[in-house]
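J.: As input, take target_0.txt (compact mmCIF, C-alpha atoms and all ligand atoms):
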# COMPACT_ATOMS: atom_id res chain seq x y z
CA LEU A 1 34.95 37.64 -53.36
CA ILE A 2 34.22 41.29 -54.12
CA HIS A 3 30.52 40.50 -54.56
CA ARG A 4 30.50 38.78 -51.17
CA PHE A 5 32.30 41.77 -49.72
CA GLU A 6 29.68 44.18 -51.08
CA ALA A 7 26.79 42.01 -49.91
CA THR A 8 28.28 41.63 -46.42
CA ARG A 9 28.85 45.37 -46.06
CA LYS A 10 25.29 46.08 -47.15
CA ASN A 11 23.91 43.54 -44.71
CA THR A 12 25.54 45.26 -41.72
CA VAL A 13 23.65 48.45 -42.56
CA TYR A 14 20.48 46.48 -43.26
CA LEU A 15 20.57 45.05 -39.71
CA CYS A 16 20.26 48.59 -38.38
CA GLU A 17 17.08 49.28 -40.32
CA GLY A 18 14.90 48.12 -37.43
CA LEU A 19 16.42 50.84 -35.23
CA GLU A 20 15.77 54.49 -34.59
CA ILE A 21 18.79 56.78 -34.79
CA GLU A 22 18.77 57.24 -30.98
CA ASP A 23 19.15 53.44 -30.53
CA MET A 24 22.43 53.59 -32.45
CA VAL A 25 24.45 55.46 -29.81
CA VAL A 26 23.41 53.88 -26.49
CA GLN A 27 25.90 51.80 -24.47
CA PRO A 28 24.20 50.42 -21.34
CA TYR A 29 27.20 48.29 -20.29
CA ALA A 30 30.93 48.37 -21.02
CA GLU A 31 30.74 45.03 -22.85
CA VAL A 32 27.97 46.28 -25.18
CA SER A 33 28.94 48.48 -28.12
CA PRO A 34 26.59 50.98 -29.77
CA PRO A 35 25.51 49.87 -33.28
CA LYS A 36 27.05 53.07 -34.64
CA TRP A 37 30.43 51.97 -33.32
CA HIS A 38 30.17 48.60 -35.11
CA LEU A 39 29.45 50.39 -38.40
CA ALA A 40 32.55 52.54 -37.93
CA HIS A 41 34.91 49.92 -36.47
CA THR A 42 34.40 47.44 -39.33
CA THR A 43 35.29 50.30 -41.70
CA TRP A 44 38.34 51.23 -39.60
CA PHE A 45 39.46 47.58 -40.00
CA LEU A 46 39.41 47.97 -43.79
CA GLU A 47 41.35 51.21 -43.70
CA GLU A 48 43.96 50.15 -41.19
CA LEU A 49 44.58 46.57 -42.30
CA ILE A 50 43.89 46.68 -46.03
CA LEU A 51 44.11 50.19 -47.48
CA ASN A 52 47.02 51.38 -45.37
CA LYS A 53 48.95 48.14 -46.01
CA ASN A 54 48.31 47.95 -49.74
CA LYS A 55 48.28 51.54 -51.00
CA ASN A 56 51.39 53.72 -51.21
CA HIS A 57 51.24 56.83 -49.01
CA TYR A 58 47.66 56.10 -48.02
CA SER A 59 45.97 59.10 -46.48
CA PHE A 60 43.39 58.19 -43.83
CA TYR A 61 39.79 59.37 -44.16
CA ASN A 62 40.12 61.05 -40.77
CA GLU A 63 43.26 60.57 -38.65
CA LYS A 64 41.19 60.83 -35.45
CA PHE A 65 39.05 57.83 -36.45
CA ARG A 66 42.20 55.68 -36.11
CA LYS A 67 41.98 55.98 -32.34
CA LEU A 68 38.18 56.27 -32.01
CA PHE A 69 37.38 53.06 -33.89
CA ASN A 70 40.36 50.86 -33.05
CA SER A 71 38.89 48.13 -30.84
CA TYR A 72 41.87 46.71 -28.98
CA TYR A 73 44.86 46.46 -31.39
CA LYS A 74 47.70 47.76 -29.22
CA CYS A 75 50.17 47.31 -32.14
CA LEU A 76 48.17 49.89 -34.10
CA GLY A 77 48.43 52.62 -31.52
CA GLU A 78 46.06 54.04 -28.96
CA HIS A 79 42.39 53.11 -28.84
CA TRP A 80 39.31 54.65 -27.30
CA VAL A 81 38.30 52.96 -24.01
CA GLN A 82 35.72 50.25 -24.76
CA GLY A 83 33.33 51.23 -21.97
CA THR A 84 33.06 54.82 -23.20
CA ARG A 85 32.07 54.16 -26.82
CA GLY A 86 28.57 55.41 -26.02
CA THR A 87 29.89 58.85 -25.06
CA LEU A 88 30.62 59.68 -28.70
CA SER A 89 27.70 61.58 -30.19
CA ARG A 90 29.96 62.51 -33.13
CA PRO A 91 30.68 61.48 -35.83
CA THR A 92 26.96 61.11 -36.48
CA VAL A 93 25.39 57.95 -37.91
CA ASN A 94 25.06 59.65 -41.29
CA GLU A 95 28.72 60.69 -41.24
CA ILE A 96 29.68 57.10 -40.49
CA LEU A 97 27.50 55.82 -43.34
CA GLU A 98 29.33 58.23 -45.65
CA TYR A 99 32.67 56.99 -44.22
CA ARG A 100 31.58 53.44 -45.08
CA ARG A 101 30.61 54.44 -48.61
CA ILE A 102 33.95 56.11 -49.36
CA ILE A 103 36.05 53.28 -47.92
CA ASP A 104 33.98 50.64 -49.75
CA GLU A 105 34.71 52.41 -53.03
CA LEU A 106 38.44 52.41 -52.30
CA ILE A 107 38.36 48.71 -51.41
CA ASN A 108 36.46 47.96 -54.62
CA ASP A 109 39.02 49.80 -56.75
CA LEU A 110 41.89 48.07 -54.98
CA ALA A 111 40.27 44.64 -55.29
CA ILE A 112 40.04 45.05 -59.07
CA LYS A 113 43.73 45.99 -59.21
CA GLU A 114 44.77 43.14 -56.91
CA LYS A 115 42.49 40.43 -58.27
CA GLU A 116 45.42 38.07 -59.03
CA ASN A 117 47.06 38.69 -55.65
CA SER A 118 46.32 35.78 -53.31
CA ALA A 119 47.60 37.62 -50.21
CA PHE A 120 45.08 40.38 -50.95
CA SER A 121 42.28 37.83 -51.37
CA GLN A 122 43.16 36.33 -47.99
CA ILE A 123 42.95 39.63 -46.15
CA LEU A 124 39.71 40.51 -47.95
CA GLU A 125 38.29 37.13 -46.89
CA LEU A 126 39.30 37.86 -43.32
CA ALA A 127 37.68 41.30 -43.52
CA ILE A 128 34.41 39.70 -44.71
CA ASN A 129 34.52 37.23 -41.82
CA HIS A 130 35.35 40.03 -39.38
CA GLU A 131 32.37 42.02 -40.60
CA GLU A 132 30.14 38.94 -40.20
CA GLN A 133 31.32 38.52 -36.61
CA HIS A 134 30.34 42.10 -35.94
CA GLN A 135 26.90 41.54 -37.48
CA GLU A 136 26.25 38.92 -34.82
CA LEU A 137 27.77 41.09 -32.08
CA MET A 138 25.57 43.94 -33.22
CA LEU A 139 22.41 41.83 -32.89
CA MET A 140 23.46 40.80 -29.38
CA ASP A 141 24.16 44.41 -28.49
CA ILE A 142 20.91 45.67 -30.03
CA LYS A 143 18.93 43.18 -27.93
CA ARG A 144 20.74 44.27 -24.77
CA ILE A 145 20.20 47.95 -25.56
CA LEU A 146 16.47 47.53 -26.22
CA ALA A 147 16.00 45.19 -23.24
CA GLU A 148 17.34 47.89 -20.91
CA ASN A 149 14.51 50.18 -21.90
CA PRO A 150 11.32 49.83 -19.79
CA LEU A 151 9.27 50.62 -22.90
CA HIS A 152 10.42 47.23 -24.31
CA PRO A 153 10.95 48.43 -27.88
CA VAL A 154 10.33 46.01 -30.73
CA TYR A 155 13.26 45.51 -33.11
CA GLN A 156 11.30 43.38 -35.50
CA LYS A 157 7.69 42.34 -35.92
CA THR A 158 7.28 38.55 -35.71
CA ASN A 159 5.86 38.22 -39.20
CA GLN A 160 8.92 39.91 -40.74
CA ASN A 161 10.99 37.02 -39.51
CA LYS A 162 14.00 38.10 -41.55
CA ILE A 163 16.81 38.06 -39.04
CA ILE A 164 15.82 36.52 -35.76
CA SER A 165 13.36 33.66 -35.87
CA PRO A 166 11.57 32.38 -32.77
CA LEU A 167 13.20 29.39 -31.12
CA THR A 168 11.86 25.87 -31.38
CA SER A 169 13.03 22.67 -29.75
CA ASN A 170 12.89 19.14 -31.11
CA GLN A 171 12.42 15.86 -29.24
CA ARG A 172 15.52 14.79 -27.29
CA CYS A 173 17.55 11.93 -28.73
CA TRP A 174 21.04 10.90 -27.71
CA ILE A 175 23.90 10.60 -30.17
CA ASN A 176 26.33 7.94 -29.00
CA ILE A 177 30.02 8.16 -29.78
CA SER A 178 32.41 5.32 -29.01
CA GLU A 179 35.82 5.82 -27.46
CA GLY A 180 38.69 6.36 -29.85
CA ILE A 181 41.09 8.74 -31.47
CA TYR A 182 39.47 11.49 -33.54
CA GLU A 183 40.69 14.54 -35.42
CA ILE A 184 39.37 18.03 -34.79
CA GLY A 185 40.27 21.53 -35.91
CA ALA A 186 40.60 23.29 -39.26
CA ASP A 187 42.96 22.18 -42.01
CA GLU A 188 44.11 24.61 -44.69
CA SER A 189 41.47 23.71 -47.29
CA GLN A 190 39.17 26.64 -46.56
CA PHE A 191 39.13 29.90 -44.65
CA ALA A 192 39.27 29.54 -40.88
CA PHE A 193 40.31 31.83 -38.04
CA ASP A 194 43.75 31.09 -36.58
CA ASN A 195 42.23 29.75 -33.34
CA GLU A 196 40.51 26.87 -35.23
CA GLY A 197 43.76 25.13 -36.16
CA PRO A 198 45.91 23.25 -36.56
CA ARG A 199 43.95 20.07 -37.10
CA HIS A 200 45.04 17.56 -34.48
CA LYS A 201 44.18 14.28 -32.79
CA VAL A 202 42.19 13.92 -29.59
CA TYR A 203 41.24 10.87 -27.57
CA LEU A 204 37.61 10.63 -26.47
CA GLU A 205 36.02 8.23 -23.98
CA ASN A 206 32.53 6.86 -24.68
CA PHE A 207 29.94 9.63 -24.41
CA SER A 208 26.51 10.76 -25.60
CA LEU A 209 25.41 14.21 -26.70
CA SER A 210 21.82 15.38 -26.76
CA ASN A 211 20.56 16.38 -30.21
CA ASN A 212 18.51 19.26 -28.80
CA LEU A 213 18.75 22.22 -26.48
CA VAL A 214 17.42 22.38 -22.92
CA THR A 215 13.99 24.02 -22.94
CA ASN A 216 12.54 26.87 -20.87
CA SER A 217 10.23 24.32 -19.28
CA GLU A 218 13.16 22.19 -18.07
CA TYR A 219 14.97 25.28 -16.84
CA LEU A 220 11.88 26.38 -14.94
CA GLU A 221 11.92 23.03 -13.12
CA PHE A 222 15.49 23.79 -12.08
CA ILE A 223 14.40 27.18 -10.72
CA GLU A 224 11.37 25.71 -8.94
CA ASP A 225 13.67 23.12 -7.37
CA HIS A 226 15.59 26.11 -5.91
CA GLY A 227 18.45 25.57 -8.31
CA TYR A 228 19.76 29.09 -7.74
CA SER A 229 19.82 28.53 -3.96
CA GLN A 230 21.64 25.19 -3.78
CA PRO A 231 25.38 25.82 -3.42
CA LYS A 232 26.17 22.16 -4.12
CA LEU A 233 25.14 22.66 -7.75
CA TRP A 234 27.47 25.56 -8.42
CA LEU A 235 31.12 26.12 -9.13
CA SER A 236 32.62 28.30 -6.42
CA LEU A 237 33.04 31.30 -8.73
CA GLY A 238 29.54 30.72 -10.09
CA TRP A 239 28.02 30.72 -6.61
CA ASP A 240 29.82 33.98 -5.79
CA TRP A 241 28.48 35.45 -9.04
CA VAL A 242 24.89 34.36 -8.33
CA LYS A 243 25.01 35.89 -4.85
CA LYS A 244 26.79 39.09 -5.81
CA GLU A 245 24.66 39.83 -8.87
CA LYS A 246 21.44 38.46 -7.29
CA ILE A 247 20.86 36.17 -10.28
CA ILE A 248 17.55 34.29 -10.15
CA SER A 249 16.75 33.54 -13.81
CA PRO A 250 18.09 33.77 -17.38
CA LEU A 251 19.06 37.27 -18.53
CA TYR A 252 15.88 38.32 -20.30
CA TRP A 253 13.23 36.68 -18.10
CA VAL A 254 10.93 39.07 -16.34
CA SER A 255 9.11 38.24 -13.06
CA PRO A 256 10.36 34.67 -12.87
CA ASN A 257 8.95 34.18 -9.38
CA GLU A 258 5.34 34.47 -10.46
CA LYS A 259 4.85 31.54 -12.77
CA LYS A 260 1.86 32.97 -14.60
CA ALA A 261 3.56 36.26 -15.29
CA ILE A 262 6.83 35.04 -16.76
CA CYS A 263 7.73 36.94 -19.87
CA GLU A 264 10.88 37.11 -21.89
CA PHE A 265 12.38 40.08 -23.69
CA THR A 266 12.86 39.15 -27.36
CA MET A 267 13.64 40.99 -30.58
CA GLN A 268 9.86 41.10 -30.98
CA GLY A 269 9.56 42.94 -27.64
CA LEU A 270 8.29 41.46 -24.38
CA GLN A 271 6.60 38.11 -25.04
CA PRO A 272 5.06 35.43 -22.82
CA LEU A 273 7.73 32.82 -22.08
CA LYS A 274 7.41 29.97 -24.56
CA LEU A 275 7.93 26.88 -22.41
CA SER A 276 8.79 24.54 -25.28
CA ALA A 277 11.48 26.85 -26.69
CA PRO A 278 15.16 26.45 -25.77
CA VAL A 279 16.33 28.41 -22.73
CA SER A 280 18.55 31.24 -23.94
CA HIS A 281 20.97 33.88 -22.65
CA ILE A 282 22.49 31.56 -20.09
CA SER A 283 25.94 31.97 -18.52
CA TYR A 284 28.49 29.15 -18.34
CA PHE A 285 27.92 29.07 -14.59
CA GLU A 286 24.17 28.51 -15.08
CA ALA A 287 24.64 25.94 -17.85
CA ASP A 288 27.10 24.03 -15.68
CA ALA A 289 24.84 24.14 -12.59
CA PHE A 290 21.80 23.05 -14.62
CA ALA A 291 23.70 20.08 -16.10
CA ARG A 292 24.85 19.03 -12.62
CA TRP A 293 21.26 19.30 -11.30
CA LYS A 294 20.20 17.05 -14.17
CA GLY A 295 22.91 14.47 -13.27
CA MET A 296 24.68 15.18 -16.55
CA ARG A 297 27.40 17.51 -17.80
CA LEU A 298 28.30 19.91 -20.60
CA PRO A 299 30.15 18.46 -23.60
CA THR A 300 33.78 19.28 -24.35
CA GLU A 301 34.47 21.19 -27.54
CA ALA A 302 36.08 18.09 -29.09
CA GLU A 303 33.01 15.98 -28.26
CA PHE A 304 30.72 18.57 -29.81
CA GLU A 305 32.79 18.84 -32.99
CA VAL A 306 33.14 15.07 -33.46
CA CYS A 307 29.39 14.65 -32.98
CA ALA A 308 28.59 17.43 -35.44
CA VAL A 309 30.87 15.97 -38.12
CA LYS A 310 29.38 12.49 -37.71
CA ASN A 311 25.79 13.74 -37.67
CA LYS A 312 25.44 16.29 -40.45
CA GLY A 313 21.97 17.40 -39.30
CA LEU A 314 23.10 18.24 -35.78
CA THR A 315 24.76 21.48 -36.79
CA ASP A 316 21.63 22.57 -38.62
CA VAL A 317 19.63 22.09 -35.43
CA PHE A 318 21.98 24.16 -33.29
CA LYS A 319 23.23 26.84 -35.64
CA SER A 320 19.80 28.24 -36.31
CA GLN A 321 19.20 28.48 -32.58
CA LEU A 322 21.81 29.05 -29.85
CA TRP A 323 25.50 28.66 -29.16
CA CYS A 324 26.14 25.71 -26.86
CA TRP A 325 28.47 26.12 -23.92
CA THR A 326 31.23 23.53 -23.74
CA LYS A 327 33.27 22.77 -20.66
CA SER A 328 36.50 23.40 -22.60
CA HIS A 329 38.67 26.31 -21.62
CA TYR A 330 39.49 28.51 -24.57
CA SER A 331 43.15 27.59 -25.07
CA PRO A 332 45.48 27.25 -28.03
CA TYR A 333 45.45 23.95 -29.89
CA PRO A 334 48.77 22.06 -30.09
CA ARG A 335 51.21 23.91 -32.40
CA TYR A 336 48.83 26.88 -32.65
CA LYS A 337 50.12 29.83 -34.64
CA THR A 338 48.51 33.25 -34.58
CA PHE A 339 47.85 35.24 -37.74
CA ALA A 340 50.91 37.27 -38.78
CA GLY A 341 51.66 40.94 -38.07
CA GLU A 342 49.13 43.12 -36.25
CA LEU A 343 46.53 40.40 -36.76
CA GLN A 344 48.28 38.25 -34.17
CA GLU A 345 46.09 40.27 -31.77
CA TYR A 346 42.91 38.88 -33.39
CA ASN A 347 42.41 35.80 -31.20
CA GLY A 348 45.47 34.50 -29.34
CA LYS A 349 45.61 37.16 -26.67
CA PHE A 350 42.13 36.27 -25.43
CA MET A 351 43.02 32.68 -24.57
CA CYS A 352 42.62 33.06 -20.82
CA ASN A 353 39.63 32.74 -18.47
CA GLN A 354 37.05 32.03 -21.17
CA PHE A 355 35.11 28.97 -22.34
CA VAL A 356 34.44 27.70 -25.86
CA LEU A 357 30.94 27.72 -27.37
CA LYS A 358 30.04 25.64 -30.42
CA GLY A 359 27.14 25.30 -32.82
CA GLY A 360 26.40 28.83 -34.04
CA CYS A 361 23.16 30.69 -33.39
CA MET A 362 20.25 32.34 -35.14
CA ALA A 363 22.16 35.65 -35.24
CA THR A 364 25.19 34.07 -36.92
CA PRO A 365 25.27 35.16 -40.57
CA LYS A 366 24.49 32.44 -43.08
CA GLY A 367 27.64 30.63 -44.21
CA HIS A 368 29.77 32.04 -41.39
CA TYR A 369 29.70 28.99 -39.11
CA ARG A 370 31.91 25.89 -39.46
CA ASN A 371 32.13 22.76 -37.33
CA THR A 372 35.64 23.84 -36.35
CA TYR A 373 34.46 27.31 -35.26
CA ARG A 374 35.40 28.28 -31.70
CA ASN A 375 33.38 31.05 -30.12
CA PHE A 376 34.43 32.14 -26.62
CA TYR A 377 33.09 34.11 -23.70
CA GLY A 378 33.73 34.56 -20.01
CA PRO A 379 31.79 32.22 -17.68
CA GLU A 380 29.50 34.98 -16.33
CA GLN A 381 28.61 36.50 -19.72
CA ARG A 382 25.18 35.80 -21.16
CA TRP A 383 24.11 38.54 -23.52
CA MET A 384 25.17 36.37 -26.48
CA TYR A 385 22.64 33.88 -27.87
CA SER A 386 23.76 30.99 -25.64
CA GLY A 387 21.98 27.81 -24.58
CA ILE A 388 22.58 24.37 -23.12
CA ALA A 389 23.22 21.03 -24.91
CA LEU A 390 23.63 18.19 -22.43
CA ALA A 391 26.18 15.39 -22.52
CA LYS A 392 26.59 12.23 -20.47
CA ASP A 393 29.34 9.66 -20.00
CA GLU A 394 27.37 6.48 -20.71
CA ILE A 395 26.20 5.54 -24.20
FE FE A 401 36.49 43.81 -34.58
Written as structure tokens, that's how I'd like the structure from this file.
Ligand SMILES: [Fe+2]

T.:
Amino acid sequence: LIHRFEATRKNTVYLCEGLEIEDMVVQPYAEVSPPKWHLAHTTWFLEELILNKNKNHYSFYNEKFRKLFNSYYKCLGEHWVQGTRGTLSRPTVNEILEYRRIIDELINDLAIKEKENSAFSQILELAINHEEQHQELMLMDIKRILAENPLHPVYQKTNQNKIISPLTSNQRCWINISEGIYEIGADESQFAFDNEGPRHKVYLENFSLSNNLVTNSEYLEFIEDHGYSQPKLWLSLGWDWVKKEKIISPLYWVSPNEKKAICEFTMQGLQPLKLSAPVSHISYFEADAFARWKGMRLPTEAEFEVCAVKNKGLTDVFKSQLWCWTKSHYSPYPRYKTFAGELQEYNGKFMCNQFVLKGGCMATPKGHYRNTYRNFYGPEQRWMYSGIALAKDEI
């Protein structure tokens, strides 16, 4: 566990190696956090929830960091307003790297002392998983930060191919599932976030799920068929969003009205749109409208999970690519219990006005995703690596 901890902590810093120091502080939107903040917040998590709980009379590295790098844990006192994280030029990146180094040493020492303590192992496991979540968030945020810049900075040269690989799409086949009672959700046999359990039964009607993601080429057909201008295709809130925000294409498309000039901002900078690649950075509203235009629908989270369990290769296809929107509201499973103590704020309090995404994505750290995993975002959000997997009722 301690080796995994060390490797995970190192990897977070490694992900910043493609950045200049100035990239580390920018916050173009309230929902985007500067990379520097991620480096500090994941360290704050270790101090507040491990060191302070397990060491007698623990003295914090810097009392002021407790407020600056608390994300949203109201039980743990005040926190800095999320939308103003980019206003903090201090502590510097180097000071935060030193903060990480000192706290990692303390965690290492404590882990050796507590190696027989299963409660300690559980919280360390959670801290590793928390750090992994922030690695993915950081990659989303980095893309959004760089995309805002008219110079279209390159995070990574294509041939490095170490973190974000270009998308590819396979031929569409349909996976048929017959009606019946199935079980979904996490049991207690391995680590899972509280929102993934308890394991429970669901009834599914006959349905089919596509084994691939909708491509840019298919999405372009939707646009050329005036998909963004046909109110009948859209949920009411989605239509309001399209009009208010003047949405005419996926988030990172540039000049979508001139077919020859369509480009897409990627981690390799601005690139010609690859028509055969899956369409990415799509909101729930867009995914839902596209599926309706196609005469199909989005899968439910239970359908997606049952399909993934029955078809082992399916998850491999999706998790190296994009999260798939499901039409399931992010709600507690029957008999759901939050984590105990301050950690009850980890997931449960966000179970309102969001939808579940399944499948993982190319920015998800290796080994982090499970079939029971429930990612969640608001229906208008699209800076995460999201895409569309289609479902239909007939088999
Ligand atoms: Fe966090």

J.: Using all atoms listed in the file, pick whichever of A:Ala40, A:Val242, A:Val93, A:Leu233 has the shortest atom-to-atom distance to Glu131 (chain A).

T.: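 Smallest distance to Glu131 (chain A) is found for A:Ala40.
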
J.: How far is it from CA of His200 (chain A) to CA of Pro334 (chain A), in Å with one decimal?

T.: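 These atoms are spaced 7.3 Å apart.
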
J.: Grab me every residue within 12 Å of ligand FE 401 (chain A), counting all atoms listed in the file, and send it over as a PyMOL selection string.

T.: chain A and resi 33+37-46+48-49+69-73+82+126-138+343+345-347

J.: Compare A:Val356, A:Leu314, A:Leu390, A:Cys361 by their minimum atom-to-atom distance to Arg292 (chain A), counting only C-alpha atoms, and give me the closest one.

T.: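 Of A:Val356, A:Leu314, A:Leu390, A:Cys361, the one nearest Arg292 (chain A) is A:Leu390, counting only C-alpha atoms.
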
J.: Write out as a ChimeraX atom specification each polymer residue whose atoms come within 9 Å of Trp239 (chain A), counting all atoms listed in the file; drop sequence neighbours fewer than 6 positions from it.

T.: /A:228-231,233,285

J.: Taking into account all atoms listed in the file, which residue in the set A:Glu305, A:Glu63, A:Glu286, A:Glu245 is nearest to Arg382 (chain A)?

T.: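 Residue with the minimum atom-to-atom distance to Arg382 (chain A): A:Glu286.
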
J.: In Å, with one decimal, what is the gap from CA of Ala111 (chain A) to CA of Phe339 (chain A)?

T.: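 Atom-to-atom, CA of Ala111 (chain A) and CA of Phe339 (chain A) are spaced 21.3 Å apart.
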